[in-house]
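Asks: Provided below: data.txt, containing compact mmCIF, C-alpha atoms.
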# COMPACT_ATOMS: atom_id res chain seq x y z
CA MET A 1489 13.94 -11.72 61.22
CA GLY A 1490 10.18 -12.27 60.88
CA ALA A 1491 9.67 -8.71 59.56
CA THR A 1492 12.38 -9.26 56.96
CA ILE A 1493 10.69 -12.43 55.72
CA VAL A 1494 7.34 -10.67 55.49
CA ALA A 1495 8.92 -7.81 53.50
CA MET A 1496 10.57 -10.26 51.10
CA ARG A 1497 7.28 -12.05 50.59
CA LEU A 1498 5.56 -8.74 49.82
CA LEU A 1499 8.21 -7.90 47.24
CA ILE A 1500 7.72 -11.28 45.59
CA LEU A 1501 3.96 -10.76 45.50
CA LEU A 1502 4.27 -7.22 44.15
CA ALA A 1503 6.85 -8.11 41.46
CA PRO A 1504 4.27 -9.51 38.99
CA VAL A 1505 2.18 -6.36 39.46
CA ALA A 1506 5.14 -4.15 38.58
CA ALA A 1507 5.93 -6.34 35.58
CA MET A 1508 2.42 -5.82 34.25
CA ALA A 1509 2.84 -2.06 33.71
CA ILE A 1510 1.47 -1.21 30.28
CA THR A 1511 4.00 -0.19 27.65
CA VAL A 1512 3.60 1.05 24.08
CA ARG A 1513 6.29 -0.03 21.61
CA THR A 1514 7.17 0.55 17.95
CA ASP A 1515 10.63 -1.07 17.78
CA PHE A 1516 9.80 -3.52 15.01
CA GLU A 1517 9.53 -3.43 11.22
CA GLY A 1518 6.93 -0.92 10.11
CA GLY A 1519 6.28 0.35 13.63
CA SER A 1520 5.42 4.04 13.94
CA LEU A 1521 4.05 6.52 16.47
CA GLY A 1522 4.84 10.06 17.49
CA HIS A 1523 4.67 11.36 21.06
CA ILE A 1524 3.23 8.96 23.65
CA GLU A 1525 1.48 10.51 26.65
CA LYS A 1526 0.23 8.45 29.58
CA ILE A 1527 -2.97 9.97 31.01
CA SER A 1528 -3.64 7.14 33.47
CA GLU A 1529 -2.82 3.46 33.88
CA THR A 1530 -5.37 2.60 31.17
CA HIS A 1531 -5.54 5.81 29.11
CA PHE A 1532 -2.93 6.95 26.56
CA ARG A 1533 -2.71 9.76 24.01
CA LEU A 1534 -0.82 8.48 20.97
CA ALA A 1535 0.28 10.95 18.34
CA VAL A 1536 0.36 9.77 14.74
CA LYS A 1537 3.87 10.59 13.51
CA GLY A 1538 3.11 11.60 9.93
CA GLU A 1539 5.54 12.76 7.25
CA LYS A 1540 6.18 15.90 5.19
CA ASP A 1541 7.58 16.23 1.69
CA GLN A 1542 10.91 17.69 0.54
CA ASN A 1543 9.55 21.22 0.99
CA GLY A 1544 8.20 20.62 4.48
CA ARG A 1545 4.66 20.61 3.12
CA ASN A 1546 1.82 18.13 2.48
CA ARG A 1547 2.02 16.44 5.87
CA GLN A 1548 0.15 13.15 5.95
CA ALA A 1549 -0.56 11.25 9.15
CA ASN A 1550 -2.21 8.09 7.89
CA TRP A 1551 0.08 5.39 9.20
CA TYR A 1552 0.47 4.11 12.75
CA TYR A 1553 1.49 0.66 13.93
CA PHE A 1554 2.31 -0.15 17.55
CA ARG A 1555 2.30 -2.89 20.16
CA ILE A 1556 0.81 -2.87 23.65
CA ASP A 1557 2.50 -5.02 26.29
CA GLY A 1558 1.25 -5.74 29.80
CA ALA A 1559 -2.42 -5.12 29.15
CA GLY A 1560 -4.82 -6.50 31.74
CA ALA A 1561 -8.51 -7.25 31.51
CA LYS A 1562 -9.60 -3.62 31.98
CA GLU A 1563 -10.74 -1.47 29.08
CA LEU A 1564 -8.00 0.65 27.55
CA THR A 1565 -8.64 4.07 26.06
CA LEU A 1566 -6.27 5.01 23.27
CA ASP A 1567 -6.60 8.51 21.81
CA MET A 1568 -5.09 8.75 18.31
CA VAL A 1569 -4.14 12.42 17.95
CA ASP A 1570 -2.13 14.86 15.79
CA LEU A 1571 -4.13 13.83 12.75
CA ALA A 1572 -4.51 17.07 10.79
CA GLY A 1573 -2.47 17.43 7.62
CA GLU A 1574 -2.25 18.79 4.10
CA TYR A 1575 -2.84 17.26 0.68
CA ASN A 1576 -1.82 18.92 -2.59
CA PHE A 1577 -1.03 22.03 -0.53
CA GLN A 1578 -4.57 22.18 0.89
CA PRO A 1579 -5.08 21.72 4.67
CA ASN A 1580 -7.38 18.96 5.88
CA ARG A 1581 -8.59 17.33 9.08
CA GLY A 1582 -6.57 14.24 8.42
CA ALA A 1583 -6.95 10.77 6.97
CA VAL A 1584 -7.83 9.06 10.26
CA THR A 1585 -11.57 9.50 10.83
CA LYS A 1586 -14.68 7.64 11.94
CA ASP A 1587 -14.68 5.95 8.53
CA THR A 1588 -11.22 4.44 8.97
CA PRO A 1589 -11.12 2.40 12.20
CA PRO A 1590 -7.84 0.57 12.79
CA VAL A 1591 -7.17 -3.14 12.94
CA ILE A 1592 -6.08 -5.22 15.93
CA SER A 1593 -4.12 -8.47 16.09
CA TYR A 1594 -2.85 -10.81 18.77
CA ASP A 1595 -0.39 -12.65 16.49
CA GLN A 1596 0.50 -10.17 13.68
CA ARG A 1597 -1.10 -12.52 11.18
CA THR A 1598 -4.86 -12.28 11.80
CA TRP A 1599 -6.21 -8.73 11.77
CA LYS A 1600 -9.74 -7.56 12.64
CA HIS A 1601 -11.15 -4.05 12.67
CA VAL A 1602 -11.64 -2.37 16.02
CA GLU A 1603 -15.38 -2.15 16.60
CA THR A 1604 -15.67 0.19 19.59
CA PHE A 1605 -14.46 3.73 19.07
CA ASP A 1606 -15.50 7.39 19.02
CA TYR A 1607 -14.40 10.22 16.78
CA ASP A 1608 -13.98 13.81 17.93
CA ALA A 1609 -13.96 15.98 14.82
CA ALA A 1610 -13.22 19.14 16.81
CA GLU A 1611 -9.67 18.18 17.83
CA PRO A 1612 -9.64 15.88 15.72
CA LYS A 1613 -8.94 12.53 17.39
CA LEU A 1614 -10.00 8.90 17.11
CA ILE A 1615 -10.73 7.36 20.52
CA LEU A 1616 -10.30 3.59 20.69
CA HIS A 1617 -11.90 1.50 23.43
CA ILE A 1618 -10.09 -1.83 23.72
CA VAL A 1619 -10.87 -4.68 26.11
CA PRO A 1620 -7.81 -6.87 25.51
CA LYS A 1621 -8.12 -10.61 25.03
CA ARG A 1622 -4.41 -11.02 25.80
CA SER A 1623 -1.73 -8.99 27.50
CA ARG A 1624 0.06 -8.29 24.18
CA PHE A 1625 -1.57 -7.01 20.99
CA TRP A 1626 -0.83 -4.87 17.94
CA ILE A 1627 -2.81 -1.96 16.47
CA ALA A 1628 -2.38 -0.58 12.93
CA HIS A 1629 -4.16 1.81 10.61
CA VAL A 1630 -4.68 -1.02 8.09
CA PRO A 1631 -3.35 -4.62 8.02
CA PRO A 1632 0.45 -4.31 7.77
CA TYR A 1633 2.42 -5.78 4.89
CA THR A 1634 6.16 -5.63 5.58
CA GLY A 1635 9.29 -7.13 4.09
CA GLN A 1636 8.54 -10.23 6.13
CA GLU A 1637 5.32 -10.84 4.20
CA LEU A 1638 7.05 -10.12 0.91
CA GLY A 1639 9.77 -12.60 1.84
CA ARG A 1640 7.17 -15.34 2.33
CA LEU A 1641 5.67 -14.53 -1.07
CA ARG A 1642 9.08 -14.59 -2.71
CA ARG A 1643 9.91 -18.00 -1.21
CA PHE A 1644 6.68 -19.28 -2.75
CA ALA A 1645 7.34 -17.64 -6.14
CA VAL A 1646 10.97 -18.67 -6.69
CA ARG A 1647 9.97 -22.33 -6.76
CA HIS A 1648 8.13 -21.73 -10.03
CA SER A 1649 10.04 -22.02 -13.31
CA ASP A 1650 8.05 -19.14 -14.87
CA PHE A 1651 9.23 -16.69 -12.19
CA HIS A 1652 12.34 -14.53 -12.49
CA GLU A 1653 13.72 -11.82 -10.20
CA GLN A 1654 15.99 -8.96 -11.19
CA VAL A 1655 17.58 -6.32 -8.94
CA ILE A 1656 17.23 -3.03 -10.83
CA GLY A 1657 18.84 -0.66 -8.34
CA LYS A 1658 19.03 0.55 -4.75
CA THR A 1659 16.76 2.77 -2.71
CA ALA A 1660 17.95 5.99 -1.12
CA GLY A 1661 18.44 3.90 2.03
CA GLY A 1662 20.49 1.24 0.25
CA ARG A 1663 17.88 -1.51 -0.07
CA ASP A 1664 17.41 -3.61 -3.20
CA LEU A 1665 14.72 -2.62 -5.69
CA VAL A 1666 13.45 -5.71 -7.45
CA LEU A 1667 11.53 -6.39 -10.64
CA TRP A 1668 9.71 -9.70 -11.02
CA THR A 1669 8.87 -11.28 -14.36
CA ILE A 1670 6.21 -13.96 -14.62
CA ALA A 1671 5.74 -15.56 -18.03
CA THR A 1672 6.06 -18.84 -19.85
CA PRO A 1673 8.95 -18.74 -22.36
CA PRO A 1674 9.61 -17.63 -24.97
CA LEU A 1675 9.44 -13.93 -24.01
CA SER A 1676 8.99 -12.94 -27.62
CA LYS A 1677 8.60 -9.34 -28.69
CA ASP A 1678 5.20 -9.98 -30.26
CA LYS A 1679 3.77 -11.10 -26.92
CA PRO A 1680 1.95 -8.30 -25.03
CA THR A 1681 3.54 -7.02 -21.84
CA VAL A 1682 1.69 -5.83 -18.74
CA TRP A 1683 3.49 -3.97 -15.96
CA LEU A 1684 2.12 -4.00 -12.41
CA MET A 1685 3.30 -1.63 -9.71
CA PHE A 1686 2.52 -2.00 -6.01
CA ARG A 1687 3.28 0.05 -2.90
CA GLN A 1688 4.57 3.33 -4.26
CA HIS A 1689 3.37 4.75 -0.94
CA SER A 1690 4.44 2.80 2.11
CA TRP A 1691 1.26 3.24 4.14
CA GLU A 1692 -0.91 1.70 1.39
CA THR A 1693 -0.61 -1.90 2.51
CA GLY A 1694 -3.78 -2.98 0.71
CA SER A 1695 -1.81 -2.49 -2.50
CA SER A 1696 0.69 -5.14 -1.40
CA TRP A 1697 -1.97 -7.61 -0.27
CA ALA A 1698 -3.63 -7.28 -3.69
CA GLY A 1699 -0.23 -7.63 -5.31
CA GLU A 1700 0.29 -10.89 -3.47
CA GLY A 1701 -3.09 -12.09 -4.68
CA ALA A 1702 -2.11 -11.23 -8.25
CA VAL A 1703 1.25 -13.05 -8.03
CA ARG A 1704 -0.29 -16.16 -6.50
CA ALA A 1705 -3.01 -16.18 -9.19
CA LEU A 1706 -0.42 -15.88 -11.95
CA LEU A 1707 1.61 -18.77 -10.56
CA ARG A 1708 -1.31 -21.15 -10.08
CA ASP A 1709 -1.03 -24.46 -11.87
CA ASP A 1710 -4.54 -24.24 -13.27
CA ALA A 1711 -5.99 -23.26 -16.63
CA ALA A 1712 -6.38 -19.58 -15.73
CA GLY A 1713 -2.83 -19.27 -14.38
CA ARG A 1714 -1.23 -21.10 -17.30
CA GLU A 1715 -3.20 -19.07 -19.84
CA ALA A 1716 -2.24 -15.76 -18.20
CA ARG A 1717 1.48 -16.70 -18.20
CA GLN A 1718 1.39 -17.97 -21.77
CA ALA A 1719 -0.56 -15.06 -23.27
CA ILE A 1720 1.13 -12.14 -21.50
CA ILE A 1721 4.52 -11.21 -20.09
CA TRP A 1722 3.92 -9.83 -16.57
CA LYS A 1723 6.51 -7.39 -15.21
CA ILE A 1724 5.93 -6.60 -11.52
CA PHE A 1725 7.36 -4.06 -9.06
CA PRO A 1726 6.20 -5.80 -5.85
CA LEU A 1727 7.45 -3.19 -3.36
CA CYS A 1728 8.36 0.25 -4.67
CA ASP A 1729 9.36 1.81 -1.33
CA PRO A 1730 11.06 -0.80 0.87
CA ASP A 1731 12.70 1.95 2.97
CA GLY A 1732 9.34 3.45 3.87
CA VAL A 1733 7.83 0.06 4.59
CA ALA A 1734 10.70 -0.83 6.95
CA ARG A 1735 10.62 2.43 8.92
CA GLY A 1736 6.84 2.79 9.07
CA GLY A 1737 6.71 5.66 6.61
CA VAL A 1738 3.77 7.24 4.83
CA ARG A 1739 4.36 8.31 1.21
CA PHE A 1740 7.80 9.89 0.90
CA ASN A 1741 11.27 8.39 0.48
CA VAL A 1742 14.05 9.14 2.97
CA ASN A 1743 14.78 12.41 1.15
CA GLY A 1744 11.16 13.56 1.31
CA TYR A 1745 10.18 12.83 -2.29
CA ASP A 1746 6.82 11.33 -3.18
CA LEU A 1747 7.45 8.23 -5.25
CA ASN A 1748 4.28 8.85 -7.25
CA ARG A 1749 4.56 12.62 -7.63
CA ASN A 1750 8.00 13.19 -9.13
CA TRP A 1751 7.92 11.27 -12.39
CA ASP A 1752 8.87 14.34 -14.46
CA VAL A 1753 12.21 14.60 -12.65
CA GLU A 1754 15.28 12.39 -13.08
CA ASP A 1755 17.49 12.57 -10.01
CA ALA A 1756 19.28 9.32 -9.22
CA ARG A 1757 20.59 10.69 -5.92
CA LYS A 1758 17.41 12.12 -4.41
CA MET A 1759 14.94 9.73 -6.07
CA PRO A 1760 16.83 6.55 -7.00
CA GLU A 1761 13.61 4.54 -6.75
CA ILE A 1762 11.87 6.42 -9.56
CA THR A 1763 15.09 6.45 -11.60
CA ALA A 1764 15.49 2.67 -11.37
CA GLN A 1765 11.85 2.00 -12.21
CA ARG A 1766 11.84 4.37 -15.18
CA ASN A 1767 15.10 2.91 -16.45
CA ALA A 1768 13.67 -0.61 -16.28
CA VAL A 1769 10.71 0.48 -18.41
CA ARG A 1770 13.01 2.32 -20.83
CA ALA A 1771 15.29 -0.71 -21.21
CA TRP A 1772 12.33 -2.97 -21.96
CA ILE A 1773 11.10 -0.63 -24.68
CA LEU A 1774 14.57 -0.15 -26.18
CA ASP A 1775 14.86 -3.93 -26.36
CA GLY A 1776 11.95 -3.89 -28.81
CA HIS A 1777 9.03 -4.74 -26.53
CA THR A 1778 5.76 -2.82 -26.39
CA ILE A 1779 3.70 -2.26 -23.24
CA ALA A 1780 0.03 -3.06 -23.64
CA LEU A 1781 -0.98 -1.77 -20.21
CA TYR A 1782 0.76 -0.37 -17.13
CA PHE A 1783 -1.06 -0.43 -13.78
CA SER A 1784 -0.26 1.08 -10.38
CA LEU A 1785 -2.45 0.24 -7.38
CA HIS A 1786 -3.00 2.62 -4.47
CA ASN A 1787 -5.19 3.06 -1.40
CA THR A 1788 -7.11 6.06 -0.19
CA GLU A 1789 -9.59 6.64 2.59
CA THR A 1790 -13.09 6.89 1.11
CA GLY A 1791 -12.69 7.40 -2.65
CA GLU A 1792 -12.26 4.68 -5.24
CA TYR A 1793 -11.51 5.34 -8.88
CA LEU A 1794 -9.54 4.44 -11.98
CA GLU A 1795 -7.43 7.06 -13.73
CA GLY A 1796 -6.10 6.41 -17.21
CA PRO A 1797 -3.77 8.15 -19.65
CA PRO A 1798 -4.76 11.38 -21.43
CA GLU A 1799 -8.14 10.94 -23.13
CA LYS A 1800 -6.77 11.64 -26.60
CA GLY A 1801 -3.65 9.52 -26.11
CA GLY A 1802 -2.74 6.97 -28.75
CA ASP A 1803 -4.82 8.84 -31.32
CA GLY A 1804 -7.90 8.13 -29.25
CA LYS A 1805 -7.19 4.40 -28.88
CA PHE A 1806 -6.24 4.80 -25.22
CA ARG A 1807 -9.73 6.09 -24.44
CA ALA A 1808 -11.30 2.94 -25.87
CA LEU A 1809 -8.84 0.82 -23.90
CA ALA A 1810 -9.57 2.76 -20.71
CA GLU A 1811 -13.33 2.47 -21.14
CA ARG A 1812 -13.09 -1.26 -21.71
CA PHE A 1813 -10.81 -1.74 -18.69
CA PHE A 1814 -13.08 0.37 -16.46
CA LYS A 1815 -16.16 -1.59 -17.54
CA ILE A 1816 -14.54 -4.98 -16.89
CA LEU A 1817 -13.17 -3.91 -13.50
CA SER A 1818 -16.54 -2.50 -12.46
CA SER A 1819 -18.53 -5.56 -13.50
CA GLU A 1820 -16.18 -8.43 -12.71
CA THR A 1821 -14.24 -7.39 -9.60
CA SER A 1822 -14.86 -5.85 -6.18
CA PHE A 1823 -13.82 -2.45 -7.57
CA ALA A 1824 -16.58 -0.05 -6.47
CA PRO A 1825 -15.86 3.32 -8.10
CA THR A 1826 -17.04 6.52 -6.44
CA THR A 1827 -16.47 8.51 -9.65
CA SER A 1828 -16.60 7.84 -13.37
CA LEU A 1829 -13.47 6.97 -15.32
CA ARG A 1830 -10.86 9.69 -14.95
CA TYR A 1831 -8.14 10.78 -17.37
CA ALA A 1832 -4.76 12.11 -16.27
CA ASP A 1833 -3.92 15.77 -16.69
CA THR A 1834 -0.33 16.80 -17.24
CA THR A 1835 0.45 17.24 -13.51
CA THR A 1836 -1.20 17.07 -10.09
CA THR A 1837 -0.17 20.63 -9.25
CA ALA A 1838 -0.16 23.06 -12.15
CA GLY A 1839 2.85 25.34 -12.41
CA MET A 1840 5.09 23.19 -10.21
CA ALA A 1841 7.81 20.91 -11.53
CA GLY A 1842 8.26 17.48 -10.00
CA ARG A 1843 4.56 16.73 -9.51
CA MET A 1844 3.75 14.20 -12.25
CA THR A 1845 2.30 10.84 -11.25
CA VAL A 1846 3.58 7.61 -12.75
CA VAL A 1847 0.65 7.68 -15.21
CA GLN A 1848 1.48 11.20 -16.36
CA GLY A 1849 5.23 10.62 -16.42
CA LEU A 1850 5.11 7.40 -18.42
CA TYR A 1851 2.77 8.93 -20.96
CA HIS A 1852 4.98 12.01 -21.23
CA ASP A 1853 8.18 9.96 -21.73
CA PHE A 1854 7.01 6.85 -23.59
CA LYS A 1855 3.34 7.34 -24.61
CA ILE A 1856 2.42 4.27 -22.55
CA PRO A 1857 -1.24 3.56 -21.65
CA ALA A 1858 -0.76 3.67 -17.87
CA PHE A 1859 -3.46 3.46 -15.22
CA LEU A 1860 -3.66 4.28 -11.53
CA MET A 1861 -6.33 2.82 -9.29
CA GLU A 1862 -7.26 4.06 -5.83
CA GLN A 1863 -9.03 1.56 -3.58
CA ARG A 1864 -10.77 2.76 -0.44
CA ILE A 1865 -9.96 1.44 3.03
CA SER A 1866 -13.41 2.44 4.29
CA LEU A 1867 -16.65 0.52 3.75
CA ASN A 1868 -16.86 -1.09 0.32
CA PRO A 1869 -20.53 -1.31 -0.76
CA LYS A 1870 -19.92 -4.34 -2.96
CA LEU A 1871 -18.30 -6.24 -0.12
CA GLY A 1872 -20.71 -4.91 2.50
CA HIS A 1873 -17.90 -4.42 5.03
CA LEU A 1874 -14.54 -2.78 5.58
CA PRO A 1875 -11.99 -4.45 3.29
CA GLU A 1876 -9.93 -7.19 4.91
CA ILE A 1877 -6.83 -9.12 3.85
CA ALA A 1878 -8.88 -11.86 2.19
CA ASP A 1879 -10.70 -9.25 0.11
CA ARG A 1880 -7.44 -7.70 -1.10
CA LEU A 1881 -5.99 -11.10 -2.02
CA ALA A 1882 -9.18 -11.95 -3.91
CA PHE A 1883 -9.07 -8.63 -5.77
CA GLY A 1884 -5.50 -9.34 -6.87
CA ALA A 1885 -6.66 -12.51 -8.60
CA GLN A 1886 -9.65 -10.65 -10.09
CA LEU A 1887 -7.30 -7.93 -11.33
CA VAL A 1888 -5.20 -10.45 -13.27
CA GLY A 1889 -8.34 -11.74 -14.97
CA ALA A 1890 -9.61 -8.25 -15.76
CA ILE A 1891 -6.29 -7.13 -17.24
CA ARG A 1892 -5.88 -10.32 -19.26
CA LYS A 1893 -9.37 -9.89 -20.68
CA THR A 1894 -8.80 -6.19 -21.44
CA VAL A 1895 -5.45 -6.74 -23.16
CA ILE A 1896 -6.55 -9.74 -25.21
CA ASP A 1897 -9.74 -7.91 -26.21
CA ASP A 1898 -7.66 -4.88 -27.19
CA ARG A 1899 -5.45 -6.96 -29.47
CA ALA A 1900 -8.58 -8.49 -31.04
CA HIS A 1901 -9.76 -4.98 -31.84
Could you express the structure from this file as structure tokens?
Replies:
Amino acid sequence: MGATIVAMRLLILLAPVAAMAITVRTDFEGGSLGHIEKISETHFRLAVKGEKDQNGRNRQANWYYFRIDGAGAKELTLDMVDLAGEYNFQPNRGAVTKDTPPVISYDQRTWKHVETFDYDAAEPKLILHIVPKRSRFWIAHVPPYTGQELGRLRRFAVRHSDFHEQVIGKTAGGRDLVLWTIATPPLSKDKPTVWLMFRQHSWETGSSWAGEGAVRALLRDDAAGREARQAIIWKIFPLCDPDGVARGGVRFNVNGYDLNRNWDVEDARKMPEITAQRNAVRAWILDGHTIALYFSLHNTETGEYLEGPPEKGGDGKFRALAERFFKILSSETSFAPTTSLRYADTTTTAGMAGRMTVVQGLYHDFKIPAFLMEQRISLNPKLGHLPEIADRLAFGAQLVGAIRKTVIDDRAH
């Protein structure tokens, strides 16, 4: 009897130890990892899942988002592997490097960059050294922005009388595609229109954080917010790939099509997202409105640039507009370009159909002065640190001011 009691007591004492086994999970919105290999109790190899396009090419592995449960006080070693990929049909070592350390959170709201890591360029792999502050934490490539965050923004926006939401179609996965309009009535045809597009690629969460900053700035009840709503009609695609955001995707829709690289193709079955967005623009133009400026925001690893419409577009007027916009962005925002102003060619991959960006496609179809900006996720020299959520939100407000100034100046000219 005494031996039985001792055994039961041992089981009770050992139960908490068993419960503390470390697990790696991705069963939540935006979660993503490939193969998980346990090397030891505190050492894991975590493959970045990545995605390929409709042709099985152009693999990109620049999104991962996972949760660790049961962590103790000991240092964990997490090897991020399977990083190599291909971009525009050219092989590369991958987007995850020493310049792109991930972020960590203990509440999924506050995110800080991991400070202790190594990078092995030979494999390649990024080796994270984590001493947990709590037993549960989350790691992501960049601060996540999911449908949950967008829902909070929407609940804020719908309270404002100058905000309107329209469902323009469904994604390939059956989710709503929405178009937001922010403007003070009347929405007259002589008032300039600006279109903003965020999150064409699901991994580029900085685009959404900046988009939130822009929406909140536009809906402020201050002089700047009121002036922006009164002077310009703002049409906003807040989340262009909700399917990819939900599943933890990278840059392709569920059928493998890049939502920024197929704007010269109309296929409502394979690419309903692009079809719905193009049709919304077409309907606006057919209703007698003009588009003063169209802007799509993206993220990349170390480059930062602005690309405008063809240099000779609009009988040369688009070049003047682009130069003015580039100058204002460079001097009055945190935009820190690594190249001079760029102008869009006819396609990203010569000789291949279905490779036009939104800038190229909109110019080809409607002669619209469209712009695409890439913002780096690595060190921003103007900020003096790796961009954080607060920086993206602040840029969104700065972007509204820069566009308003550019458009109003353009009309004055």
Asks: Name the residues, using the chain letters and numbers of the file, that sit within 12 Å of (-2.4, -15.8, -13.7) when counting all atoms listed in the file, and give them as a ChimeraX atom specification.
Replies: /A:1650-1651,1670-1672,1682,1699-1722,1884-1893
Asks: Distance atom CA of Lys1758 of chain A-atom CA of Thr1845 of chain A, one decimal place?
Replies: 16.6 Å
Asks: When you draw a straight line from atom CA of Lys1800 of chain A to atom CA of Tyr1831 of chain A, how long is it in Å?
Replies: 9.4 Å
Asks: How many Å lie between atom CA of Leu1566 of chain A and atom CA of Phe1532 of chain A, rounded to one decimal?
Replies: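 Between atom CA of Leu1566 of chain A and atom CA of Phe1532 of chain A the gap is 5.1 Å.
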Asks: Of the residues A:Leu1614, A:Leu1521, A:Ala1780, A:Ala1561, which is the one nearest to Lys1723 of chain A, using only C-alpha atoms?
Replies: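 Under the stated criterion, the closest residue is A:Ala1780.
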Asks: Show which residues sit within 12 Å of segment 1806-1817 of chain A, as a count of residues only. Count all atoms listed in the file, and ignore same-chain residues fewer than 5 positions away.
Replies: 51
Asks: Tell me, counting all atoms listed in the file, for each residue of segment 1600-1639 of chain A within 9 Å of segment 1875-1881 of chain A, which pair of atoms is nearest and how far apart they are in Å to one decimal, in rows ordered by chain and increasing number, as a Markdown table.
Replies:
| residue | atom | partner | partner_atom | distance |
| --- | --- | --- | --- | --- |
| A:Lys1600 | CA | A:Glu1876 | CA | 7.7 |
| A:His1601 | CA | A:Glu1876 | CA | 8.5 |
| A:Val1630 | CA | A:Glu1876 | CA | 8.7 |
| A:Pro1631 | CA | A:Ile1877 | CA | 7.1 |
Asks: For Thr1514 of chain A, find every residue with an atom within 7 Å (counting only C-alpha atoms), except residues of its own chain fewer than 6 positions away, and show them as an MDAnalysis selection string.
Replies: chainID A and resid 1520:1521 1553:1555
